[in-house]
file data.cif (mmCIF, C-alpha atoms)
data_run
#
loop_
_atom_site.label_atom_id
_atom_site.label_comp_id
_atom_site.auth_asym_id
_atom_site.auth_seq_id
_atom_site.Cartn_x
_atom_site.Cartn_y
_atom_site.Cartn_z
CA MET V 153 103.32 74.63 96.72
CA ALA V 154 106.52 74.60 98.74
CA ASN V 155 106.18 75.65 102.35
CA ALA V 156 108.55 78.58 102.32
CA ASN V 157 109.47 80.67 105.34
CA ILE V 158 108.50 83.91 103.74
CA SER V 159 109.22 87.25 105.35
CA SER V 160 107.11 90.33 104.74
CA THR V 161 110.09 92.07 103.09
CA GLU V 162 110.34 89.37 100.39
CA LEU V 163 106.84 90.07 99.08
CA ASN V 164 106.44 93.52 97.62
CA VAL V 165 103.02 94.30 96.16
CA LYS V 166 102.15 97.42 94.20
CA GLN V 167 98.40 98.11 94.27
CA GLY V 168 96.63 100.08 91.57
CA GLU V 169 93.82 102.55 92.19
CA PRO V 170 90.63 100.94 93.54
CA THR V 171 87.57 101.07 91.27
CA ARG V 172 83.91 100.16 91.80
CA VAL V 173 82.42 97.20 89.94
CA HIS V 174 78.69 97.72 89.45
CA PRO V 175 76.08 95.08 88.60
CA SER V 176 75.93 94.71 84.81
CA GLU V 177 72.13 95.17 84.85
CA GLU V 178 69.64 97.24 86.80
CA THR V 179 68.99 95.75 90.26
CA PRO V 180 66.35 96.44 92.94
CA LYS V 181 66.77 99.58 95.04
CA GLY V 182 65.93 100.29 98.65
CA PRO V 183 67.00 98.73 101.96
CA TYR V 184 67.81 95.02 102.17
CA PHE V 185 66.84 93.17 105.37
CA LEU V 186 69.44 91.25 107.40
CA SER V 187 68.23 88.63 109.88
CA ASN V 188 69.24 88.43 113.53
CA LEU V 189 71.60 85.57 112.63
CA ASP V 190 73.46 88.04 110.40
CA GLN V 191 73.74 90.73 113.08
CA ASN V 192 76.10 88.90 115.45
CA ILE V 193 78.93 88.21 113.04
CA ALA V 194 79.56 91.50 111.27
CA VAL V 195 83.31 90.98 110.86
CA PRO V 196 85.43 91.05 107.69
CA VAL V 197 86.74 87.64 106.57
CA CYS V 198 89.72 87.67 104.20
CA THR V 199 90.84 84.75 102.05
CA VAL V 200 93.46 84.26 99.34
CA TYR V 201 93.33 81.88 96.35
CA CYS V 202 96.53 81.09 94.45
CA PHE V 203 96.34 80.15 90.75
CA LYS V 204 99.10 79.04 88.40
CA SER V 205 99.27 80.60 84.96
CA GLY V 206 98.88 77.48 82.82
CA SER V 207 98.81 78.16 79.07
CA ARG V 208 96.68 81.29 79.52
CA GLY V 209 99.15 83.42 81.49
CA ASN V 210 97.79 86.05 83.82
CA GLU V 211 97.26 88.95 81.44
CA ASP V 212 93.50 88.38 81.16
CA ALA V 213 92.93 87.31 84.77
CA ALA V 214 91.87 90.67 86.20
CA ARG V 215 89.57 91.48 83.26
CA VAL V 216 87.90 88.03 83.28
CA ILE V 217 87.35 88.09 87.05
CA LYS V 218 86.13 91.70 86.98
CA ASP V 219 83.66 91.11 84.12
CA ALA V 220 82.30 88.02 85.83
CA LEU V 221 81.94 89.93 89.09
CA SER V 222 79.81 92.55 87.35
CA LYS V 223 77.52 89.78 86.06
CA ILE V 224 77.27 87.82 89.33
CA LEU V 225 76.40 91.02 91.21
CA VAL V 226 73.05 91.00 89.41
CA PRO V 227 71.56 87.93 91.14
CA TYR V 228 73.64 88.66 94.27
CA TYR V 229 72.98 92.41 94.17
CA PRO V 230 73.04 93.01 97.98
CA MET V 231 76.82 92.35 97.88
CA ALA V 232 77.19 95.62 95.96
CA GLY V 233 75.73 97.74 98.78
CA THR V 234 76.85 99.28 102.06
CA LEU V 235 75.93 98.65 105.68
CA VAL V 236 73.90 101.19 107.67
CA ILE V 237 72.12 101.13 111.01
CA SER V 238 68.33 101.08 110.70
CA SER V 239 65.89 103.01 112.86
CA GLU V 240 65.53 99.80 114.91
CA GLY V 241 69.24 99.82 115.69
CA LYS V 242 70.04 96.89 113.39
CA LEU V 243 72.33 96.43 110.40
CA ILE V 244 70.70 96.63 106.98
CA VAL V 245 72.12 97.01 103.46
CA GLU V 246 71.59 100.27 101.58
CA ASN V 247 72.60 101.39 98.07
CA PRO V 248 72.74 97.88 96.59
CA GLY V 249 73.94 99.22 93.22
CA GLU V 250 76.97 101.05 94.60
CA GLY V 251 79.35 98.26 93.61
CA ALA V 252 82.15 96.10 94.98
CA VAL V 253 85.69 97.49 95.28
CA PHE V 254 88.19 96.05 92.77
CA VAL V 255 91.97 96.48 92.72
CA GLU V 256 94.66 95.22 90.35
CA ALA V 257 98.15 94.68 91.78
CA GLU V 258 101.58 93.36 90.84
CA ALA V 259 104.04 91.40 93.00
CA ASN V 260 107.83 91.52 92.71
CA CYS V 261 108.35 87.75 92.90
CA ASP V 262 107.10 84.31 91.83
CA ILE V 263 103.95 82.90 93.41
CA ASP V 264 105.93 80.04 95.02
CA VAL V 265 107.33 82.56 97.50
CA ILE V 266 103.96 82.61 99.27
CA GLY V 267 104.31 78.98 100.34
CA ASP V 268 101.57 76.75 101.68
CA LEU V 269 98.63 78.60 103.21
CA THR V 270 98.27 76.31 106.22
CA LYS V 271 98.50 79.09 108.76
CA PRO V 272 97.56 82.77 108.79
CA HIS V 273 100.30 85.24 107.79
CA PRO V 274 98.50 88.55 108.46
CA HIS V 275 101.49 90.81 107.62
CA ILE V 276 102.35 88.89 104.46
CA LEU V 277 99.06 87.69 103.01
CA GLY V 278 97.46 90.99 104.01
CA LYS V 279 99.32 92.52 101.06
CA LEU V 280 97.24 90.34 98.72
CA VAL V 281 93.89 91.65 99.98
CA TYR V 282 92.66 95.22 99.65
CA ASN V 283 91.52 96.88 102.87
CA ALA V 284 89.85 100.27 102.62
CA PRO V 285 92.35 102.69 104.20
CA GLY V 286 91.14 104.70 107.16
CA ALA V 287 87.85 102.82 107.58
CA PRO V 288 87.35 102.91 111.37
CA ASN V 289 84.41 100.52 111.55
CA ILE V 290 82.36 98.06 109.50
CA LEU V 291 79.88 100.77 108.44
CA GLU V 292 82.64 102.45 106.43
CA MET V 293 84.11 99.25 104.98
CA PRO V 294 82.88 97.94 101.63
CA LEU V 295 80.87 94.72 101.91
CA MET V 296 83.28 93.20 99.44
CA THR V 297 86.75 93.98 98.11
CA VAL V 298 88.57 92.05 95.37
CA GLN V 299 92.29 92.19 94.60
CA VAL V 300 93.90 90.35 91.68
CA THR V 301 97.69 90.25 92.10
CA LYS V 302 99.89 89.17 89.18
CA PHE V 303 103.21 87.45 89.88
CA LYS V 304 106.35 87.38 87.75
CA CYS V 305 105.97 83.65 87.00
CA GLY V 306 102.56 84.19 85.38
CA GLY V 307 100.57 82.99 88.37
CA PHE V 308 98.13 85.22 90.21
CA THR V 309 96.21 85.44 93.46
CA LEU V 310 92.64 86.41 94.14
CA GLY V 311 92.32 88.17 97.50
CA LEU V 312 88.79 88.55 98.86
CA CYS V 313 87.52 90.46 101.87
CA MET V 314 83.81 89.93 102.53
CA ASN V 315 81.72 90.81 105.55
CA HIS V 316 80.49 87.73 107.44
CA CYS V 317 77.11 89.42 108.07
CA MET V 318 76.29 88.86 104.40
CA LYS V 319 76.84 85.10 104.32
CA ASP V 320 78.11 82.10 106.22
CA GLY V 321 80.83 79.80 104.90
CA LEU V 322 78.61 77.53 102.79
CA CYS V 323 76.81 80.51 101.27
CA ALA V 324 80.15 82.27 100.62
CA MET V 325 81.43 79.25 98.70
CA GLU V 326 78.21 79.07 96.66
CA PHE V 327 78.73 82.73 95.77
CA VAL V 328 82.44 82.41 94.86
CA ASN V 329 81.87 79.23 92.85
CA ALA V 330 78.88 80.80 91.03
CA TRP V 331 81.15 83.75 90.23
CA SER V 332 83.89 81.45 88.89
CA ASP V 333 81.32 79.49 86.85
CA THR V 334 80.15 82.79 85.35
CA ALA V 335 83.75 83.57 84.40
CA ARG V 336 83.77 80.31 82.40
CA GLY V 337 80.47 81.12 80.68
CA LEU V 338 78.36 78.69 82.73
CA ASP V 339 74.87 79.31 84.05
CA LEU V 340 73.98 79.56 87.73
CA LYS V 341 73.59 76.09 89.23
CA ILE V 342 71.58 77.32 92.22
CA PRO V 343 69.91 80.78 92.00
CA PRO V 344 70.26 82.62 95.32
CA VAL V 345 67.21 82.84 97.61
CA LEU V 346 67.43 86.44 98.76
CA ASP V 347 64.47 86.61 101.16
CA ARG V 348 65.99 86.66 104.66
CA THR V 349 62.67 87.40 106.34
CA ILE V 350 62.12 83.62 106.55
CA LEU V 351 64.43 83.88 109.58
CA LYS V 352 62.68 86.91 111.06
CA ALA V 353 62.04 87.05 114.82
CA ARG V 354 58.61 85.91 115.97
CA ASP V 355 56.00 88.45 117.04
CA PRO V 356 55.89 88.46 119.98
CA PRO V 357 59.36 86.97 120.59
CA LYS V 358 59.54 83.73 122.60
CA ILE V 359 62.76 83.04 124.51
CA GLN V 360 62.33 79.39 125.43
CA PHE V 361 65.94 78.36 126.19
CA GLN V 362 68.89 79.57 128.24
CA HIS V 363 71.38 81.17 125.86
CA ASN V 364 74.74 80.89 127.55
CA GLU V 365 76.49 81.86 124.32
CA PHE V 366 75.82 85.45 125.44
CA ALA V 367 76.91 84.85 129.07
CA GLU V 368 79.56 87.19 130.48
CA ILE V 369 82.36 85.30 132.23
CA LYS V 370 84.76 86.88 134.71
CA ASP V 371 88.43 86.41 133.78
CA VAL V 372 89.51 85.25 137.26
CA SER V 373 92.64 83.65 135.72
CA ASN V 374 93.70 87.02 134.24
CA THR V 375 94.55 85.41 130.91
CA GLN V 376 94.20 88.86 129.34
CA LYS V 377 97.55 89.74 130.95
CA LEU V 378 99.26 87.01 128.88
CA TYR V 379 97.88 88.50 125.68
CA GLU V 380 99.00 91.97 126.67
CA GLU V 381 102.53 91.06 127.80
CA GLU V 382 103.58 88.36 125.32
CA ASN V 383 103.93 88.12 121.57
CA MET V 384 101.10 86.40 119.73
CA LEU V 385 102.20 83.34 117.79
CA TYR V 386 100.09 81.87 114.98
CA LYS V 387 100.61 78.19 114.25
CA SER V 388 99.03 75.38 112.30
CA PHE V 389 98.82 71.84 113.67
CA PHE V 390 98.40 68.95 111.26
CA PHE V 391 96.07 66.10 112.22
CA ASP V 392 96.26 63.29 109.67
CA PRO V 393 93.67 60.44 109.61
CA ASN V 394 95.81 58.33 111.98
CA LYS V 395 96.07 61.11 114.54
CA LEU V 396 92.34 61.83 114.28
CA ASP V 397 91.55 58.14 114.78
CA MET V 398 93.80 58.09 117.84
CA LEU V 399 91.89 61.05 119.28
CA LYS V 400 88.56 59.30 118.69
CA LYS V 401 89.90 56.12 120.30
CA LYS V 402 91.12 58.09 123.31
CA ALA V 403 87.71 59.78 123.64
CA THR V 404 85.91 56.43 123.78
CA GLU V 405 88.42 54.24 125.67
CA ASP V 406 86.79 54.69 129.10
CA GLY V 407 83.40 53.54 127.80
CA ALA V 408 81.56 56.80 128.62
CA LEU V 409 80.99 57.28 124.87
CA LYS V 410 80.45 54.41 122.45
CA LYS V 411 81.59 56.47 119.47
CA CYS V 412 82.18 60.06 118.46
CA SER V 413 82.67 62.12 115.32
CA THR V 414 85.97 63.64 114.19
CA PHE V 415 84.62 67.13 114.96
CA GLU V 416 83.55 66.14 118.47
CA ALA V 417 86.89 64.50 119.31
CA LEU V 418 89.01 67.31 117.85
CA SER V 419 86.91 70.09 119.42
CA GLY V 420 86.95 68.43 122.84
CA PHE V 421 90.73 67.98 122.64
CA VAL V 422 91.47 71.54 121.45
CA TRP V 423 89.18 73.10 124.12
CA ARG V 424 90.91 71.09 126.84
CA ALA V 425 94.45 71.71 125.54
CA ARG V 426 93.94 75.45 125.05
CA THR V 427 92.46 75.76 128.57
CA ALA V 428 95.56 74.05 129.99
CA ALA V 429 97.92 76.11 127.81
CA LEU V 430 96.45 79.40 129.05
CA GLY V 431 96.90 78.25 132.67
CA MET V 432 93.28 78.84 133.62
CA GLN V 433 92.53 78.46 137.33
CA HIS V 434 90.42 75.48 138.42
CA ASP V 435 87.43 77.66 139.33
CA GLN V 436 87.62 79.61 136.06
CA GLU V 437 84.49 79.19 133.98
CA THR V 438 85.34 78.57 130.35
CA LYS V 439 83.01 78.59 127.38
CA LEU V 440 83.10 76.76 124.08
CA LEU V 441 81.28 78.33 121.14
CA PHE V 442 80.87 76.87 117.69
CA ALA V 443 78.50 77.25 114.76
CA VAL V 444 75.99 74.59 113.75
CA ASP V 445 74.49 74.69 110.26
CA GLY V 446 70.74 75.20 110.71
CA ARG V 447 69.74 74.62 107.09
CA LYS V 448 68.25 71.16 107.68
CA ARG V 449 67.46 71.72 111.36
CA PHE V 450 64.91 74.49 110.83
CA VAL V 451 61.29 73.42 110.34
CA PRO V 452 60.65 73.70 107.46
CA PRO V 453 64.27 73.40 106.24
CA ILE V 454 65.96 76.49 104.78
CA PRO V 455 65.58 76.46 100.97
CA GLU V 456 68.59 75.48 98.86
CA GLY V 457 70.57 78.54 97.77
CA TYR V 458 69.55 80.63 100.81
CA PHE V 459 71.67 83.80 100.70
CA GLY V 460 72.65 84.69 104.25
CA ASN V 461 73.77 83.22 107.54
CA ALA V 462 71.93 80.02 108.42
CA ILE V 463 74.36 79.05 111.19
CA VAL V 464 73.54 79.25 114.88
CA LEU V 465 76.09 79.49 117.69
CA THR V 466 75.77 76.75 120.26
CA ASN V 467 77.74 76.55 123.49
CA SER V 468 79.00 74.64 126.45
CA LEU V 469 80.01 76.11 129.83
CA CYS V 470 82.35 74.34 132.23
CA LYS V 471 84.84 75.02 135.03
CA ALA V 472 88.44 74.70 133.82
CA GLY V 473 89.22 72.29 136.66
CA GLU V 474 86.43 69.94 135.60
CA LEU V 475 87.57 70.05 132.00
CA LEU V 476 91.17 69.18 132.90
CA LYS V 477 90.71 66.58 135.66
CA ASN V 478 88.25 64.46 133.64
CA PRO V 479 89.19 62.22 130.68
CA LEU V 480 88.81 63.40 127.09
CA SER V 481 85.38 61.72 126.90
CA PHE V 482 84.05 64.42 129.27
CA SER V 483 84.82 67.41 127.01
CA VAL V 484 83.84 65.42 123.89
CA GLY V 485 80.50 64.62 125.56
CA LEU V 486 79.94 68.34 126.22
CA VAL V 487 80.55 69.07 122.53
CA ARG V 488 77.98 66.44 121.56
CA LYS V 489 75.37 67.85 123.96
CA ALA V 490 75.92 71.32 122.48
CA ILE V 491 75.25 69.94 118.98
CA GLU V 492 72.14 68.03 120.09
CA MET V 493 70.79 71.18 121.73
CA VAL V 494 70.37 72.85 118.33
CA THR V 495 66.77 72.24 117.30
CA ASP V 496 64.28 74.41 115.43
CA GLY V 497 62.96 75.67 118.78
CA TYR V 498 66.44 76.52 120.08
CA MET V 499 67.43 78.38 116.92
CA ARG V 500 64.22 80.43 116.83
CA SER V 501 64.67 81.18 120.54
CA ALA V 502 68.20 82.47 119.77
CA ILE V 503 66.79 84.71 117.01
CA ASP V 504 64.18 86.06 119.44
CA TYR V 505 66.76 86.48 122.22
CA PHE V 506 68.71 88.94 120.07
CA GLU V 507 65.47 90.70 119.12
CA VAL V 508 64.75 91.40 122.79
CA THR V 509 68.25 91.97 124.22
CA ARG V 510 70.47 93.08 121.29
CA GLU V 511 73.29 91.27 123.11
CA ARG V 512 76.27 89.79 121.30
CA PRO V 513 78.16 86.65 122.33
CA SER V 514 80.84 87.35 124.92
CA LEU V 515 84.32 85.98 124.19
CA THR V 516 85.90 86.31 127.63
CA ALA V 517 87.45 82.96 128.72
CA THR V 518 85.92 81.56 125.53
CA LEU V 519 87.09 79.40 122.66
CA LEU V 520 85.25 79.93 119.38
CA ILE V 521 85.76 77.10 116.90
CA THR V 522 84.98 77.79 113.28
CA THR V 523 85.00 74.91 110.80
CA TRP V 524 85.89 75.23 107.13
CA THR V 525 86.35 71.50 106.54
CA LYS V 526 83.19 71.20 104.43
CA LEU V 527 83.82 74.27 102.30
CA SER V 528 84.73 73.71 98.64
CA PHE V 529 87.63 76.16 98.25
CA HIS V 530 89.41 73.64 96.03
CA THR V 531 86.71 73.69 93.31
CA THR V 532 86.90 77.40 92.48
CA ASP V 533 87.92 77.68 88.81
CA PHE V 534 87.89 81.02 86.98
CA GLY V 535 89.33 79.41 83.85
CA TRP V 536 92.86 78.77 85.13
CA GLY V 537 92.08 75.48 86.85
CA GLU V 538 91.56 74.82 90.52
CA PRO V 539 93.65 76.86 92.97
CA LEU V 540 97.11 75.65 93.98
CA CYS V 541 96.06 76.47 97.52
CA SER V 542 93.72 78.77 99.41
CA GLY V 543 93.29 79.90 102.96
CA PRO V 544 92.57 82.68 105.44
CA VAL V 545 94.69 85.78 105.79
CA THR V 546 94.23 85.89 109.55
CA LEU V 547 91.84 84.82 112.28
CA PRO V 548 89.24 87.49 113.11
CA GLU V 549 89.66 87.25 116.93
CA LYS V 550 92.31 85.89 119.29
CA GLU V 551 89.72 83.45 120.71
CA VAL V 552 89.09 81.81 117.33
CA VAL V 553 90.43 78.41 116.27
CA LEU V 554 89.94 77.36 112.64
CA PHE V 555 89.59 73.78 111.40
CA LEU V 556 90.68 73.66 107.76
CA SER V 557 90.65 70.47 105.65
CA HIS V 558 93.91 69.47 104.05
CA GLY V 559 94.87 67.47 100.98
CA LYS V 560 92.90 66.25 97.98
CA GLU V 561 91.12 63.56 99.98
CA ARG V 562 90.28 66.23 102.59
CA LYS V 563 90.55 63.65 105.37
CA SER V 564 93.28 65.51 107.23
CA ILE V 565 92.66 68.68 109.21
CA ASN V 566 94.86 71.68 109.96
CA VAL V 567 94.06 73.39 113.25
CA LEU V 568 94.95 77.08 113.04
CA LEU V 569 95.16 79.28 116.13
CA GLY V 570 96.97 82.14 117.79
CA LEU V 571 98.22 82.11 121.39
CA PRO V 572 100.66 84.07 123.57
CA SER V 573 104.13 82.55 123.12
CA SER V 574 104.31 80.71 126.48
CA ALA V 575 100.83 79.25 126.00
CA MET V 576 101.68 78.16 122.44
CA GLU V 577 104.65 76.19 123.76
CA ILE V 578 102.38 74.24 126.14
CA PHE V 579 99.68 73.71 123.49
CA GLU V 580 102.28 72.40 121.05
CA ALA V 581 103.57 69.90 123.64
CA LEU V 582 100.03 68.65 124.28
CA VAL V 583 99.43 68.12 120.56
CA MET V 584 102.70 66.16 120.32
CA GLN V 585 101.41 63.77 122.99
CA VAL V 586 98.48 62.59 120.85
#
call {"tool": "encode", "arguments": {"input": "data.cif", "output": "structure tokens"}}
result
Amino acid sequence: MANANISSTELNVKQGEPTRVHPSEETPKGPYFLSNLDQNIAVPVCTVYCFKSGSRGNEDAARVIKDALSKILVPYYPMAGTLVISSEGKLIVENPGEGAVFVEAEANCDIDVIGDLTKPHPHILGKLVYNAPGAPNILEMPLMTVQVTKFKCGGFTLGLCMNHCMKDGLCAMEFVNAWSDTARGLDLKIPPVLDRTILKARDPPKIQFQHNEFAEIKDVSNTQKLYEEENMLYKSFFFDPNKLDMLKKKATEDGALKKCSTFEALSGFVWRARTAALGMQHDQETKLLFAVDGRKRFVPPIPEGYFGNAIVLTNSLCKAGELLKNPLSFSVGLVRKAIEMVTDGYMRSAIDYFEVTRERPSLTATLLITTWTKLSFHTTDFGWGEPLCSGPVTLPEKEVVLFLSHGKERKSINVLLGLPSSAMEIFEALVMQV
């Protein structure tokens, strides 16, 4: 799709009345357990898929998607419930038959107006996703909302808002692709494994590692002032295979590392560049957080089709001065150590740490990298072919940077982030130097 400079006034969307889509068959009742890995990331994540009309047009799109949703909510019945706080002070799912919220909408323009979804447009793309009005917190938000928006050209968008506490990225894609398969009359490829108690805390809990992901850092650089006084800019930076190879070469040129992965090189670079862009003082502690998929790292491995979060946050702590005075190999090496730290023992210790403390990761002076490069957005087909494009509506927190794969070969990466305007200018200059 063309990369248009769309303004929020160009896209006018008229939403219909929201309805509830219930599972098409009777489903189990009673509370549904969420593991400690689900508790820490109870934030809504909104995505938009754009589909062209093809020979089918868009007249049947809402009905087909809605009927398939009703069917897929049978095996994935917890998605049709609501969040409540248990007597233990934890999130659980109640009323699993209540249903997902569904909205039909119409836009006043052609779908090409949206442009390429390589960066978040919260004010624009937000019109394509239904948010429950007046919901002050996650307990009053539906676990899932669906909006199908028809465009004048015959194309349509599917706007999803799903709570991260219900599933991580890989699980979310399994769910959406199972839903789209159902819309095309196909059977489930991988039935969901709903038992989350396999990731229950040990009794008694055993905290065997230091968990700096929860560490509180003092903002001695007063970066918060930048966020309060300046406009936030959201930008996307394109790293093609050549640029990624150059980063990897730069990370290994001093001989400290023999080789490194694309993720390690890009994460080390972005952490360093963002620290410099925000003007952090030399004695400012800064933290890097990112998720590692624990599916194959747990002993025994998590079963295929596990429905829930199987990712664990790992971390690295460093003084800003150290990060900036050392070569790129230094920050890349810290990323590697953070990955290697994630073993079965570490992950179970993190689960037990939350059981004992109920603490949540602190984001002060922190960069949280979330990676969608391995997620199969491009394969979602409800019967109108694969999406023209797909992407996030916005980033959930100002500290979050998103790595999103780009192109059919998926060898390029878009780095999406938001920064105060002066910091964005510096970050952009540093990216140009690669």
call {"tool": "atom_distance", "arguments": {"input": "data.cif", "atom1": "CA of Leu243 in chain V", "atom2": "CA of Lys181 in chain V"}}
result
16.6 Å
call {"tool": "closest_atom_pairs", "arguments": {"input": "data.cif", "of": "range 503-548 of chain V", "to": "range 493-499 of chain V", "cutoff": "10 Å", "atoms": "all atoms listed in the file", "output": "Markdown table"}}
result
| residue | atom | partner | partner_atom | distance |
| --- | --- | --- | --- | --- |
| V:Ile503 | CA | V:Met499 | CA | 6.4 |
| V:Asp504 | CA | V:Met499 | CA | 8.7 |
| V:Tyr505 | CA | V:Met499 | CA | 9.7 |
call {"tool": "closest_atom_pairs", "arguments": {"input": "data.cif", "of": "range 436-500 of chain V", "to": "range 415-423 of chain V", "cutoff": "7 Å", "atoms": "all atoms listed in the file", "output": "CSV"}}
result
residue,atom,partner,partner_atom,distance
V:Leu480,CA,V:Phe421,CA,6.7
V:Ser483,CA,V:Gly420,CA,4.8
V:Val484,CA,V:Gly420,CA,4.5
V:Val487,CA,V:Glu416,CA,5.8
V:Arg488,CA,V:Glu416,CA,6.4
call {"tool": "write_last_selection", "arguments": {"input": "data.cif", "atoms": "C-alpha atoms", "output": "mmCIF file, keeping the file's coordinate frame"}}
result
data_model
loop_
_atom_site.group_PDB
_atom_site.id
_atom_site.type_symbol
_atom_site.label_atom_id
_atom_site.label_comp_id
_atom_site.auth_asym_id
_atom_site.auth_seq_id
_atom_site.Cartn_x
_atom_site.Cartn_y
_atom_site.Cartn_z
ATOM 1 C CA LEU V 480 88.810 63.400 127.090
ATOM 2 C CA SER V 483 84.820 67.410 127.010
ATOM 3 C CA VAL V 484 83.840 65.420 123.890
ATOM 4 C CA VAL V 487 80.550 69.070 122.530
ATOM 5 C CA ARG V 488 77.980 66.440 121.560
#
call {"tool": "residues_around", "arguments": {"input": "data.cif", "residues": "Arg172 in chain V", "least_positions_apart": "4", "cutoff": "9 Å", "atoms": "only C-alpha atoms", "output": "ChimeraX atom specification"}}
result
/V:250-255
call {"tool": "residues_around", "arguments": {"input": "data.cif", "residues": "Ser176 in chain V", "least_positions_apart": "3", "cutoff": "8 Å", "atoms": "only C-alpha atoms", "output": "list in words"}}
result
Ser222, Lys223, Leu225 and Val226 of chain V
call {"tool": "write_last_selection", "arguments": {"input": "data.cif", "atoms": "C-alpha atoms", "output": "compact mmCIF listing (two decimals), keeping the file's coordinate frame"}}
result
# COMPACT_ATOMS: atom_id res chain seq x y z
CA SER V 222 79.81 92.55 87.35
CA LYS V 223 77.52 89.78 86.06
CA LEU V 225 76.40 91.02 91.21
CA VAL V 226 73.05 91.00 89.41
call {"tool": "atom_distance", "arguments": {"input": "data.cif", "atom1": "CA of Leu430 in chain V", "atom2": "CA of Gln376 in chain V"}}
result
9.7 Å
call {"tool": "residues_around", "arguments": {"input": "data.cif", "residues": "Ser187 in chain V", "least_positions_apart": "2", "cutoff": "8 Å", "atoms": "all atoms listed in the file", "output": "MDAnalysis selection string"}}
result
chainID V and resid 185 189:191 348:349 351:352
call {"tool": "atom_distance", "arguments": {"input": "data.cif", "atom1": "CA of Lys526 in chain V", "atom2": "CA of Ala220 in chain V"}}
result
25.1 Å
call {"tool": "residues_near_point", "arguments": {"input": "data.cif", "point": "(74.8, 100.8, 98.6)", "cutoff": "10 Å", "atoms": "all atoms listed in the file", "output": "PyMOL selection string"}}
result
chain V and resi 181-184+229-236+245-252+294-295
call {"tool": "build_atoms", "arguments": {"input": "data.cif", "residues": "range 391-402 of chain V", "atoms": "N, CA, C and O atoms", "output": "mmCIF file, in the frame of the given file"}}
result
data_model
loop_
_atom_site.group_PDB
_atom_site.id
_atom_site.type_symbol
_atom_site.label_atom_id
_atom_site.label_comp_id
_atom_site.auth_asym_id
_atom_site.auth_seq_id
_atom_site.Cartn_x
_atom_site.Cartn_y
_atom_site.Cartn_z
ATOM 1 N N PHE V 391 96.651 67.343 111.713
ATOM 2 C CA PHE V 391 96.070 66.100 112.220
ATOM 3 C C PHE V 391 95.719 65.230 111.018
ATOM 4 O O PHE V 391 94.737 65.492 110.318
ATOM 5 N N ASP V 392 96.546 64.204 110.775
ATOM 6 C CA ASP V 392 96.260 63.290 109.670
ATOM 7 C C ASP V 392 95.220 62.261 110.133
ATOM 8 O O ASP V 392 94.845 62.237 111.311
ATOM 9 N N PRO V 393 94.709 61.415 109.219
ATOM 10 C CA PRO V 393 93.670 60.440 109.610
ATOM 11 C C PRO V 393 94.076 59.561 110.796
ATOM 12 O O PRO V 393 93.245 59.249 111.651
ATOM 13 N N ASN V 394 95.352 59.165 110.868
ATOM 14 C CA ASN V 394 95.810 58.330 111.980
ATOM 15 C C ASN V 394 95.698 59.054 113.312
ATOM 16 O O ASN V 394 95.244 58.497 114.318
ATOM 17 N N LYS V 395 96.115 60.318 113.303
ATOM 18 C CA LYS V 395 96.070 61.110 114.540
ATOM 19 C C LYS V 395 94.620 61.373 114.960
ATOM 20 O O LYS V 395 94.294 61.351 116.146
ATOM 21 N N LEU V 396 93.756 61.610 113.983
ATOM 22 C CA LEU V 396 92.340 61.830 114.280
ATOM 23 C C LEU V 396 91.695 60.558 114.829
ATOM 24 O O LEU V 396 90.894 60.613 115.765
ATOM 25 N N ASP V 397 92.075 59.415 114.275
ATOM 26 C CA ASP V 397 91.550 58.140 114.780
ATOM 27 C C ASP V 397 92.026 57.881 116.203
ATOM 28 O O ASP V 397 91.273 57.350 117.035
ATOM 29 N N MET V 398 93.272 58.253 116.479
ATOM 30 C CA MET V 398 93.800 58.090 117.840
ATOM 31 C C MET V 398 93.033 58.949 118.839
ATOM 32 O O MET V 398 92.749 58.518 119.963
ATOM 33 N N LEU V 399 92.691 60.166 118.419
ATOM 34 C CA LEU V 399 91.890 61.050 119.280
ATOM 35 C C LEU V 399 90.529 60.441 119.570
ATOM 36 O O LEU V 399 90.047 60.445 120.709
ATOM 37 N N LYS V 400 89.885 59.913 118.527
ATOM 38 C CA LYS V 400 88.560 59.300 118.690
ATOM 39 C C LYS V 400 88.633 58.073 119.589
ATOM 40 O O LYS V 400 87.753 57.840 120.430
ATOM 41 N N LYS V 401 89.711 57.297 119.446
ATOM 42 C CA LYS V 401 89.900 56.120 120.300
ATOM 43 C C LYS V 401 90.087 56.539 121.751
ATOM 44 O O LYS V 401 89.528 55.935 122.675
ATOM 45 N N LYS V 402 90.872 57.589 121.957
ATOM 46 C CA LYS V 402 91.120 58.090 123.310
ATOM 47 C C LYS V 402 89.833 58.611 123.946
ATOM 48 O O LYS V 402 89.614 58.475 125.157
#
